[in-house]
Amino acid sequence: MTRGVIATPHHLASEVGAQVLRDGGNAIDAVVAADAVLCVVYPHMTSVAGDLMAIVWPAGATSPVGLIGAGRSGELASVEAVRARGHETMPARGPLTVTVPGTVEAWGRLLERFGSFGFGAVLEAAAGLAQDGYIITPQLSRALQSAAGWLGREPGTFALYPPMEAGMVLRNPDLASVLHEIGHSGLNGFYRGEVAASLASAIERRDGFVTRQDLATHRSHWVDPISFAYRDLILYELPPPTQGLAAAAMMVRLAAGMEFRTARDAAYALRERYITDPDFSVAPVEPFLNPDHVPAGHARAHDFGDTVYLCTADEHGNVVSLIQSVAYDFGSGIVAEGTGMLLQNRGAYFSLDEKHVNKLEARKRTMHTLIPAMAARDGRPWAAFGSMGADLQPQLQAQLLSFLADEGLDPAEATARPRMAILPDGVTLAMEADYPNAAQLSRSDRNVRLMPAQHPSFGHGHAIVIDGPDAWRAGADPRSDGSVEHVG
């Protein structure tokens with residue numbers, strides 16, 4: 001048995017991750033097993049055909065490493081191709097938004113480098129849940145019902161994910177078969193075998209851009225995280241194509257005493273100006289980490305997006321901060337025939353403006369919202385934390401960090417604490433109703449919008465604070481269906 005802890009947004013994922021630890025796996029094995037379960041039981045938020053980002057502090061290491069598991073646009077993608085199909089702006093859903101799935105390759109790289117179990121062992125529980133079924137939570141029920149209108153455009157998707165009531169059982173045997181295939185054949189079967197053929201065929205049939213060649217050549221990338229000081233901590237975020245630099249920009253400006261809205265506006269304006277695939281344009285780091293640099297500009301608005309964040313730690317000293325997503329709720333809305341997998345719509349973040357840094361181009365990774373975070377104190381990992389929430393993630397992360405580091409809250413308190421966020425319109429300040437002075441602010445400022453307490457639109461944040469080699473405190477967000485599981 002491996003002593004450890006795991007926090008995820010669904011109790012089944014936390015239980016499976018904990019069981020992997022009990023069976024002797026490490027934190028990396030546990031986090032992959034838990035994430036695979038989330039790909040089954042939280043289809044509105046994530047998918048095996050989504051993307052994945054992670055920061056791992058390996059046992060005995062002096063610093064963490066990052067993994068960018070972002071899929072690229074298809075080789076057929078271009079601004080002209082989208083316009084020729086009748087669009088003036090990048091569509092939000094459908095086949096033109098589909099990018100290469102990055103998750104499975106990222107799972108493989110994590111297990112290959114740091115895991116102690118193989119694919120088959122870590123995916124077994126997820127495959128079982130897909131085959132035998134799982135109970136629909138109220139959150140998933142609400143998502144299925146609210147999305148029913150547009151999910152109905154794809155008969156196969158609607159057949160798999162119709163409106164369902166909480167307490168009903170949902171089964172996905174095709175997805176179980178894919179998970180078994182990954183467990184048996186590994187990355188090759190998924191990206192170059194029968195699964196790849198099914199994915200490419202589904203996209204081609206719908207006049208999309210991703211081909212068999214795009215799938216066969218996909219690779220994740222190990223990177224050095226961005227590191228910067230915050231109080232007595234060193235914080236770690238992922239570099240582009242993620243918006244990690246924007247989160248860093250917001251945090252360093254808040255630490256310098258800048259007001260929340262001003263810090264947010266500066267961070268998002270910098271993101272809009274600079275962040276895209278570094279293979280196409282390299283973002284300068286200095287403007288983001290210099291609190292005196294306050295750019296003019298604004299950020300494009302996107303939907304809130306749906307994502308899962310989870311974190312683990314074990315007695316060996318491994319710590320993992322991981323985030324994974326299908327982009328918007330239910331992604332592109334397309335389930336590739338015979339796979340049970342929702343294809344992500346990450347390509348919706350591209351611009352059709354030829355002058356924009358993040359314009360759509362072939363084989364390009366878009367500016368990516370997924371940002372896991374980690375913090376160190378005195379050269380040792382101190383916390384892993386993050387939140388789903390798409391464009392809002394830098395704001396939500398900054399508040400989680402402040403609750404943990406500035407106010408010294410226990411992770412359970414920090415993840416439950418009332419939150420606020422400036423919405424994608426750049427004007428409206430949304431606050432949970434139990435946020436301090438929220439009612440008074442809403443009466444005096446017409447740009448303040450009150451939301452119900454513990455509303456899921458404020459993200460599902462989770463956190464682990466490491467107090468010693470085998471001493472951890474963790475919190476799972478009550479806005480989710482999640483839990484914390486301790487082993488040992």
# chains A, B, ... in the order shown; residues from 1 in each chain; ligands from 1
>>> select_by_dssp(residues="stretch 238-455 of chain A", states="strand (DSSP E or B)", output="MDAnalysis selection string")
chainID A and resid 242 307:314 319:325 335:336 341:342 351 359 368 373:377 380:387 420:422 429:432 448:451
>>> residues_around(residues="stretch 76-92 of chain A", least_positions_apart="5", cutoff="7 Å", atoms="only C-alpha atoms", output="VMD selection string")
chain A and resid 97 209 to 210 348 350 to 352 360 to 362
>>> residues_around(residues="A:Cys39", least_positions_apart="2", cutoff="12 Å", atoms="only C-alpha atoms", output="MDAnalysis selection string")
chainID A and resid 9:10 12:13 32:37 41:52 103:104 123 125:127 129:130 172 175:176 178:179 307:309 323:326 330 340:344
>>> residues_around(residues="A:Ala263", least_positions_apart="5", cutoff="7 Å", atoms="only C-alpha atoms", output="list in words")
Met250, Arg253, Leu254 and Met258 of chain A
>>> select_by_dssp(residues="stretch 438-488 of chain A", states="alpha helix (DSSP H)", output="PyMOL selection string")
chain A and resi 438-444
>>> write_last_selection(atoms="N, CA and C atoms", output="short mmCIF file (atom, residue, chain, number, x, y, z; two decimals), in the first residue's frame")
data_model
loop_
_atom_site.label_atom_id
_atom_site.label_comp_id
_atom_site.auth_asym_id
_atom_site.auth_seq_id
_atom_site.Cartn_x
_atom_site.Cartn_y
_atom_site.Cartn_z
N ALA A 438 -21.47 41.24 -0.46
CA ALA A 438 -21.96 41.09 -1.83
C ALA A 438 -23.30 41.79 -2.04
N ALA A 439 -24.22 41.62 -1.10
CA ALA A 439 -25.55 42.23 -1.27
C ALA A 439 -25.45 43.75 -1.33
N GLN A 440 -24.64 44.31 -0.46
CA GLN A 440 -24.47 45.77 -0.43
C GLN A 440 -23.85 46.27 -1.74
N LEU A 441 -22.84 45.54 -2.24
CA LEU A 441 -22.19 45.94 -3.49
C LEU A 441 -23.16 45.86 -4.67
N SER A 442 -24.01 44.85 -4.68
CA SER A 442 -24.93 44.70 -5.80
C SER A 442 -25.96 45.83 -5.83
N ARG A 443 -26.28 46.38 -4.65
CA ARG A 443 -27.23 47.50 -4.61
C ARG A 443 -26.59 48.80 -5.07
N SER A 444 -25.29 48.95 -4.84
CA SER A 444 -24.63 50.21 -5.16
C SER A 444 -23.95 50.22 -6.52
#
>>> residues_around(residues="A:Glu432", least_positions_apart="5", cutoff="8 Å", atoms="only C-alpha atoms", output="number ranges by chain")
A: 418-420, 438, 450-455
>>> write_last_selection(atoms="C-alpha atoms", output="compact mmCIF listing (two decimals), in the first residue's frame")
# COMPACT_ATOMS: atom_id res chain seq x y z
CA PRO A 418 -17.20 32.30 -1.58
CA ARG A 419 -15.65 33.52 -4.84
CA MET A 420 -16.05 36.31 -7.35
CA ALA A 438 -21.96 41.09 -1.83
CA LEU A 450 -25.22 38.13 -7.39
CA MET A 451 -25.12 34.39 -8.00
CA PRO A 452 -26.32 31.58 -5.70
CA ALA A 453 -23.85 30.46 -3.06
CA GLN A 454 -21.46 27.69 -4.16
CA HIS A 455 -22.52 28.08 -7.78
>>> atom_distance(atom1="atom CA of A:His486", atom2="atom CA of A:Trp222")
29.0 Å
>>> atom_distance(atom1="atom CA of A:Ile6", atom2="atom CA of A:Ala18")
6.7 Å
>>> residues_around(residues="A:Arg206", least_positions_apart="4", cutoff="9 Å", atoms="only C-alpha atoms", output="PDB file with C-alpha atoms, in the first residue's frame")
ATOM      1  CA  GLY A  94     -19.154  21.205 -34.629  1.00  0.00           C
ATOM      2  CA  PRO A  95     -16.487  19.525 -36.775  1.00  0.00           C
ATOM      3  CA  LEU A  96     -14.471  22.642 -37.635  1.00  0.00           C
ATOM      4  CA  SER A 201     -13.596   8.861 -40.437  1.00  0.00           C
ATOM      5  CA  ALA A 202     -16.069  10.665 -38.166  1.00  0.00           C
TER       6      ALA A 202
END
